[in-house]
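Read through the structure below, which is laid out as structure tokens, and then see the notes.
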2 protein chains.
Amino acid sequence: LPGPSATVSDLSEAELISRIQRQLPPRPDWVLVGIGDDAAVVEPARNRLEVLTVDAIVEGVHFDRAFTPPSAIGHRALAVNLSDLAAMGAEPRLALLSLALPSALPCTDFDAMIEGLQALALRHRVHVVGGNLTRSPGPLVLDITVTGTVKRRQILIRGGARPGDVIYVTGSIGSAAAGLQMLRAATAGPPAMSRTGTEYEACTRRYLFPEPRIRMGLQLSRNRAASSCMDLSDGLADAVAQVAAASGVGAAIDADALPIDPDARAWFAAHAADAVTAAITGGDDYELLFTTRAKWTRRVTNAARTSGTTITKIGVCTAEAGVKILRSSSEGVMPRGFKHFA
Amino acid sequence: LPGPSATVSDLSEAELISRIQRQLPPRPDWVLVGIGDDAAVVEPARNRLEVLTVDAIVEGVHFDRAFTPPSAIGHRALAVNLSDLAAMGAEPRLALLSLALPSALPCTDFDAMIEGLQALALRHRVHVVGGNLTRSPGPLVLDITVTGTVKRRQILIRGGARPGDVIYVTGSIGSAAAGLQMLRAATAGPPAMSRTGTEYEACTRRYLFPEPRIRMGLQLSRNRAASSCMDLSDGLADAVAQVAAASGVGAAIDADALPIDPDARAWFAAHAADAVTAAITGGDDYELLFTTRAKWTRRVTNAARTSGTTITKIGVCTAEAGVKILRSSSEGVMPRGFKHFA
């Protein structure tokens with residue numbers, strides 16, 4: 001057995017795979033060939049469409065190992081994908097893990113990363129059916145493909161909003177962005193500045209262990225309550241712009257109505273940042289933005305109640321193109337979310 | 001429009017995605033939602049199982065940009081995945097591309113990479129339905145997920161060989177390993193040492209543009225001609241060991257029967273390397289290794305003829321565990337293929 005200071009380069013690929021396999025539950029009967037062959041073989045779900053998405057998180061771009069524990073890295077890698085399924089109204093089914101590992105990665109970190117991922121997978125009944133391991137001469141990269149299922153008439157897309165549709169967002173925004181700033185400050189600052197203080201706990205947890213809105217996505221889908229839907233991976237401002245563009249509508253957002261997390265608001269105020277701008281341009285919230293027809297209000301409240309999700313009405317779709325933000329009776333053009341290649 | 005010296009960091013993510021999209025053919029009717037939403041939505045193939053695999057190629061580990069043109073990088077990223085489908089007897093269907101791009105990557109290289117990938121995708125009727133783009137602070141990483149379809153009773157697996165089964169390999173081996181050495185030598189050596197000389201052309205092409213054995217995999221599957229199958233991604237020695245282990249058998253390989261490419265053999269001889277060792281431990285050949293019952297010989301020859309594939313009988317499965325290589329009447333334990341984490 002490798003010692004406590006062993007790194008992944010001390011193990012063979014087969015040994016690393018078996019460390020993943022021992023964390024997996026028994027194979028569901030729809031998985032005919034799982035990990036260990038050239039590819040996985042599964043039986044498609046009956047009378048369902050298949051939803052597929054892939055997302056990568058890259059060290060130095062999407063996370064910093066200085067303040068992101070391995071379990072959070074594994075959790076986030078899967079969560080960003082499940083959030084995409086949630087935005088389509090899909091029920092998660094399986095995952096493929098493709099990991100590029102720096103040679104110096106400790107085996108204990110590798111195990112903890114898989115544990116964090118697998119804990120989230122179990123909660124959403126996602127089965128890991130295969131993957132790929134390779135060495136990385138640079139950053140740690142976790143590239144995850146997930147598939148899910150949805151009924152034909154229940155797919156949620158970005159492009160279905162019409163002028164007059166009401167715009168909602170789930171949960172609260174800004175806390176992940178504030179949490180990231182708190183973690184950075186704690187890492188750069190003196191050791192006395194605890195990163196587990198009560199006031200920090202909620203925001204940093206939101207950043208480190210985002211909860212994809214799977215149940216709400218399913219309820220919106222099954223109640224046919226949303227005319228469009230997308231997740232906030234790149235921030236609310238970006239999501240509104242994307243939904244508006246895909247639907248060929250404009251949008252007017254009421255800044256005063258935005259459900260900005262109170263702890264995040266306090267953090268931004270204490271650091272001379274504008275809370276609205278910080279909350280709508282900050283990424284990593286993984287809430288859902290959706291639009292609905294005015295007459296579907298009961299479906300929306302049903303979906304929220306059944307899934308136990310807080311929702312907030314934040315604006316309306318307009319016939320006039322462009323996204324406007326209305327703020328304490330002033331009006332401006334909304335800033336866009338961050339862009340990976342800007 | 002970006003100038004000739006533009007890099008991917010000069011473009012937005014949306015612009016890069018549209019550069020991919022303009023190279024794609026029209027969406028097949030089974031793709032309900034393609035690139036541009038949170039996830040892709042497809043209709044499963046009727047009465048077929050689904051085969052899924054993911055494989056990453058990482059700059060500095062699997063390719064060197066100094067001598068691998070962008071079109072070859074794109075081709076290889078997809079080819080390694082299609083080779084996995086071939087080994088399962090599956091018909092390719094769709095792909096998801098997840099790319100981590102260094103900021104300095106020229107846009108012309110990006111386009112050429114997608115062209116190389118898309119040219120292979122078209123030949124095998126693989127439709128790109130989605131993906132992910134992110135910045136890389138380190139190497140260029142191409143992570144591709146492909147799915148395919150197979151009938152329930154026609155899946156090829158690694159674990160079905162029995163003692164007495166005959167072992168075959170498709171095509172020839174060693175040329176990709178020799179091609180890689182030729183490319184490295186040409187890059188390190190004087191400019192006069194052309195890398196497109198006739199004697200080098202075939203081997204370097206095999207390394208740069210491997211042809212996955214999709215047609216042969218399908219024919220083995222449809223004729224139910226193979227008791228086990230796997231591809232040679234990590235070399236023949238590794239493949240024999242894996243099939244033997246998965247099947248609970250041993251194997252005896254006749255070194256003199258190995259279809260070592262003549263150009264590769266000449267190259268190894270000229271560089272004081274043992275051709276057999278180099279050919280069976282070298283990766284990147286992407287041929288198929290398969291086993292068959294003695295009484296299925298006609299099925300095998302039918303599969304080879306129908307798919308236009310050369311095949312060579314290289315050994316036999318044994319009841320006694322372990323892989324032996326028989327060489328001009330001497331006998332030894334076969335060296336293993338290279339290991340990513342060894």
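Chain labels A, B, ... are given in the sequence in which chains occur in the structure tokens; within each chain residues are numbered consecutively from 1, and ligands are likewise numbered from 1 in the order shown.
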
- Pull out every residue of chain B sitting within 6 Å of chain A, counting only C-alpha atoms, and send them as JSON, numbers by chain. {"B": [9, 12, 13, 38, 39, 40, 41, 42, 43, 49, 50, 51, 52, 53, 54, 55, 84, 131, 132, 138, 341, 342]}

Using N, CA and C atoms, can you export the residues from the last selection as a tab-separated table (two decimals), in the first residue's frame?
```tsv
chain	number	residue	atom	x	y	z
B	9	SER	N	-7.46	34.15	-27.41
B	9	SER	CA	-7.80	35.11	-26.36
B	9	SER	C	-8.35	36.42	-26.93
B	12	SER	N	-14.27	36.01	-28.13
B	12	SER	CA	-15.12	35.60	-27.01
B	12	SER	C	-15.43	34.11	-27.16
B	13	GLU	N	-15.93	33.52	-26.08
B	13	GLU	CA	-16.32	32.12	-26.13
B	13	GLU	C	-17.37	31.90	-27.23
B	38	ASP	N	-27.95	24.79	-22.61
B	38	ASP	CA	-27.20	24.29	-21.46
B	38	ASP	C	-26.71	22.87	-21.69
B	39	ALA	N	-27.42	22.11	-22.53
B	39	ALA	CA	-27.05	20.73	-22.81
B	39	ALA	C	-27.67	20.34	-24.15
B	40	ALA	N	-27.19	19.25	-24.73
B	40	ALA	CA	-27.77	18.73	-25.96
B	40	ALA	C	-28.91	17.78	-25.63
B	41	VAL	N	-29.88	17.68	-26.52
B	41	VAL	CA	-30.98	16.72	-26.34
B	41	VAL	C	-31.09	15.88	-27.61
B	42	VAL	N	-31.03	14.57	-27.46
B	42	VAL	CA	-31.11	13.68	-28.62
B	42	VAL	C	-32.11	12.56	-28.36
B	43	GLU	N	-32.60	12.02	-29.45
B	43	GLU	CA	-33.48	10.87	-29.39
B	43	GLU	C	-32.61	9.61	-29.41
B	49	LEU	N	-28.43	-0.62	-27.79
B	49	LEU	CA	-27.78	-0.18	-26.56
B	49	LEU	C	-26.90	1.01	-26.90
B	50	GLU	N	-26.58	1.79	-25.86
B	50	GLU	CA	-25.73	2.95	-26.06
B	50	GLU	C	-24.33	2.66	-25.52
B	51	VAL	N	-23.32	3.03	-26.30
B	51	VAL	CA	-21.93	2.82	-25.92
B	51	VAL	C	-21.31	4.20	-25.71
B	52	LEU	N	-20.66	4.41	-24.56
B	52	LEU	CA	-20.11	5.74	-24.24
B	52	LEU	C	-18.65	5.63	-23.85
B	53	THR	N	-17.86	6.57	-24.34
B	53	THR	CA	-16.46	6.59	-23.93
B	53	THR	C	-15.92	8.00	-23.96
B	54	VAL	N	-14.91	8.26	-23.14
B	54	VAL	CA	-14.27	9.57	-23.12
B	54	VAL	C	-12.76	9.35	-23.12
B	55	ASP	N	-12.05	10.21	-23.80
B	55	ASP	CA	-10.60	10.12	-23.86
B	55	ASP	C	-10.05	11.52	-24.04
B	84	ASP	N	-12.03	3.25	-29.51
B	84	ASP	CA	-12.70	2.58	-28.39
B	84	ASP	C	-14.08	2.05	-28.80
B	131	GLY	N	-20.49	20.75	-26.26
B	131	GLY	CA	-19.14	20.74	-25.72
B	131	GLY	C	-18.92	21.87	-24.75
B	132	ASN	N	-17.67	22.17	-24.56
B	132	ASN	CA	-17.29	23.18	-23.59
B	132	ASN	C	-15.94	23.76	-23.99
B	138	GLY	N	-2.07	26.12	-18.86
B	138	GLY	CA	-0.97	25.21	-19.17
B	138	GLY	C	-1.14	24.63	-20.56
B	341	PHE	N	0.93	6.17	-15.49
B	341	PHE	CA	1.34	6.62	-14.16
B	341	PHE	C	2.47	5.79	-13.59
B	342	ALA	N	3.17	5.00	-14.44
B	342	ALA	CA	4.21	4.13	-13.89
B	342	ALA	C	5.40	4.94	-13.40
```

- Task: Show which residues sit within 9 Å of region 176-188 of chain B, as a PyMOL selection string. Count only C-alpha atoms, and ignore same-chain residues fewer than 3 positions away.
- Result: chain B and resi 66-68+173+191-195+200-208+210+263-265+267-268+278-279+281-286

Pull N, CA, C and O atoms from the residues just selected and write them as a compact mmCIF listing (two decimals), in the first residue's frame.
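Below is the file selection.txt, written as the result:
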```txt
# COMPACT_ATOMS: atom_id res chain seq x y z
N ALA B 66 5.25 20.90 -31.48
CA ALA B 66 6.39 21.21 -32.35
C ALA B 66 6.32 20.41 -33.65
O ALA B 66 6.78 20.88 -34.69
N PHE B 67 5.74 19.21 -33.61
CA PHE B 67 5.71 18.41 -34.85
C PHE B 67 4.35 17.77 -35.12
O PHE B 67 4.23 16.90 -35.98
N THR B 68 3.34 18.19 -34.38
CA THR B 68 1.99 17.67 -34.65
C THR B 68 1.14 18.82 -35.17
O THR B 68 0.80 19.72 -34.41
N ILE B 173 1.59 -3.28 -37.04
CA ILE B 173 1.98 -2.61 -35.79
C ILE B 173 3.37 -2.02 -35.90
O ILE B 173 4.16 -2.40 -36.76
N PRO B 191 17.72 20.95 -40.39
CA PRO B 191 16.57 21.19 -41.25
C PRO B 191 16.60 20.32 -42.52
O PRO B 191 15.56 19.99 -43.07
N ALA B 192 17.82 19.94 -42.95
CA ALA B 192 17.95 19.15 -44.17
C ALA B 192 17.22 17.81 -44.04
O ALA B 192 16.79 17.22 -45.02
N MET B 193 17.09 17.35 -42.78
CA MET B 193 16.44 16.06 -42.57
C MET B 193 14.93 16.22 -42.73
O MET B 193 14.21 16.52 -41.79
N SER B 194 14.50 16.04 -43.95
CA SER B 194 13.09 16.27 -44.26
C SER B 194 12.20 15.30 -43.50
O SER B 194 12.53 14.14 -43.33
N ARG B 195 11.07 15.80 -43.03
CA ARG B 195 10.15 14.87 -42.38
C ARG B 195 9.08 14.37 -43.34
O ARG B 195 8.15 13.70 -42.97
N TYR B 200 9.60 8.04 -44.81
CA TYR B 200 9.03 8.45 -43.53
C TYR B 200 7.52 8.68 -43.62
O TYR B 200 6.80 8.59 -42.64
N GLU B 201 7.09 9.03 -44.81
CA GLU B 201 5.71 9.47 -45.02
C GLU B 201 4.68 8.51 -44.39
O GLU B 201 3.81 8.95 -43.65
N ALA B 202 4.82 7.23 -44.69
CA ALA B 202 3.79 6.28 -44.25
C ALA B 202 3.73 6.17 -42.73
O ALA B 202 2.65 6.21 -42.14
N CYS B 203 4.90 6.06 -42.10
CA CYS B 203 4.91 5.90 -40.63
C CYS B 203 4.44 7.17 -39.93
O CYS B 203 3.65 7.10 -38.97
N THR B 204 4.94 8.32 -40.36
CA THR B 204 4.54 9.55 -39.67
C THR B 204 3.04 9.79 -39.87
O THR B 204 2.36 10.25 -38.97
N ARG B 205 2.54 9.43 -41.03
CA ARG B 205 1.11 9.59 -41.28
C ARG B 205 0.28 8.68 -40.35
O ARG B 205 -0.75 9.09 -39.85
N ARG B 206 0.79 7.47 -40.13
CA ARG B 206 0.10 6.56 -39.22
C ARG B 206 0.06 7.12 -37.80
O ARG B 206 -0.90 6.95 -37.06
N TYR B 207 1.17 7.79 -37.41
CA TYR B 207 1.18 8.40 -36.07
C TYR B 207 0.24 9.61 -36.02
O TYR B 207 -0.53 9.77 -35.07
N LEU B 208 0.31 10.45 -37.05
CA LEU B 208 -0.43 11.72 -37.01
C LEU B 208 -1.93 11.54 -37.28
O LEU B 208 -2.75 12.24 -36.72
N PRO B 210 -4.11 8.46 -37.31
CA PRO B 210 -4.50 7.05 -37.18
C PRO B 210 -5.94 6.85 -37.65
O PRO B 210 -6.79 7.71 -37.46
N ASP B 263 8.56 -0.65 -43.01
CA ASP B 263 9.27 0.62 -42.83
C ASP B 263 9.67 0.82 -41.38
O ASP B 263 10.76 1.31 -41.07
N ALA B 264 8.76 0.45 -40.47
CA ALA B 264 9.05 0.58 -39.04
C ALA B 264 10.19 -0.35 -38.66
O ALA B 264 11.12 0.03 -37.94
N ARG B 265 10.14 -1.59 -39.20
CA ARG B 265 11.20 -2.57 -38.90
C ARG B 265 12.56 -2.03 -39.35
O ARG B 265 13.55 -2.11 -38.61
N TRP B 267 13.39 1.13 -39.78
CA TRP B 267 13.76 2.26 -38.91
C TRP B 267 14.34 1.76 -37.58
O TRP B 267 15.39 2.22 -37.14
N PHE B 268 13.67 0.78 -36.96
CA PHE B 268 14.15 0.26 -35.68
C PHE B 268 15.54 -0.37 -35.86
O PHE B 268 16.44 -0.15 -35.05
N ALA B 278 10.03 -2.95 -29.72
CA ALA B 278 9.54 -1.61 -30.05
C ALA B 278 8.11 -1.66 -30.57
O ALA B 278 7.27 -0.82 -30.21
N ALA B 279 7.81 -2.65 -31.40
CA ALA B 279 6.48 -2.71 -32.03
C ALA B 279 5.39 -3.10 -31.05
O ALA B 279 4.27 -2.62 -31.14
N THR B 281 5.50 -2.72 -27.66
CA THR B 281 5.35 -1.81 -26.51
C THR B 281 4.97 -0.40 -26.96
O THR B 281 4.57 0.41 -26.15
N GLY B 282 5.12 -0.12 -28.25
CA GLY B 282 4.78 1.21 -28.74
C GLY B 282 3.27 1.40 -28.78
O GLY B 282 2.53 0.48 -29.15
N GLY B 283 2.82 2.56 -28.41
CA GLY B 283 1.38 2.82 -28.44
C GLY B 283 0.97 3.42 -29.77
O GLY B 283 1.70 3.34 -30.76
N ASP B 284 -0.24 3.95 -29.80
CA ASP B 284 -0.72 4.79 -30.90
C ASP B 284 -1.06 4.06 -32.20
O ASP B 284 -1.33 4.71 -33.22
N ASP B 285 -1.03 2.70 -32.20
CA ASP B 285 -1.35 2.03 -33.46
C ASP B 285 -2.86 2.00 -33.75
O ASP B 285 -3.26 2.03 -34.89
N TYR B 286 -3.65 1.92 -32.71
CA TYR B 286 -5.12 1.90 -32.87
C TYR B 286 -5.62 0.83 -33.82
O TYR B 286 -6.59 1.01 -34.54
```

- Taking the backbone alone, and naming residues the way the document does, which bits of region 5-131 of chain A are strand (DSSP E or B) by DSSP, as a PyMOL selection string? chain A and resi 7+31-33+40-42+49-59+63+91-102+106+127-131

- Message: One number please: CA of Ala119 (chain A) to CA of Ser18 (chain A), in Å, one decimal.
- Response: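 One can read the CA of Ala119 (chain A) to CA of Ser18 (chain A) distance as 17.4 Å.
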
- Please, what distance in Å, to one decimal, runs between CA of Asn302 (chain A) and CA of Glu211 (chain A)?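 CA of Asn302 (chain A) sits 20.6 Å away from CA of Glu211 (chain A).
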
- Item | Distance criterion (only C-alpha atoms): nearest to Gly164 (chain A) out of A:Leu258, A:Ala270, A:Ala251, A:Ala6 | A:Ala251

- Taking into account only C-alpha atoms, which residue in the set A:Ile253, A:Cys317, A:Val166, A:Ile17 is nearest to Phe110 (chain A)?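 Checking each of A:Ile253, A:Cys317, A:Val166, A:Ile17 against Phe110 (chain A), counting only C-alpha atoms, the winner is A:Ile17.
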
- Write out as JSON, numbers by chain all residues of region 6-209 of chain A that DSSP puts in helix (DSSP H, G or I) for this structure's backbone. {"A": [8, 9, 10, 13, 14, 15, 16, 17, 18, 19, 20, 21, 70, 71, 72, 73, 74, 75, 76, 77, 78, 79, 80, 81, 82, 83, 84, 85, 86, 87, 88, 107, 108, 109, 110, 111, 112, 113, 114, 115, 116, 117, 118, 119, 120, 121, 122, 123, 152, 153, 154, 175, 176, 177, 178, 179, 180, 181, 182, 183, 184, 185, 186, 187, 188, 198, 199, 200, 201, 202, 203, 204, 205, 206, 207, 208]}

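Coordinates place CA of Gly315 (chain B) at a distance of 11.4 Å from CA of Pro163 (chain B).
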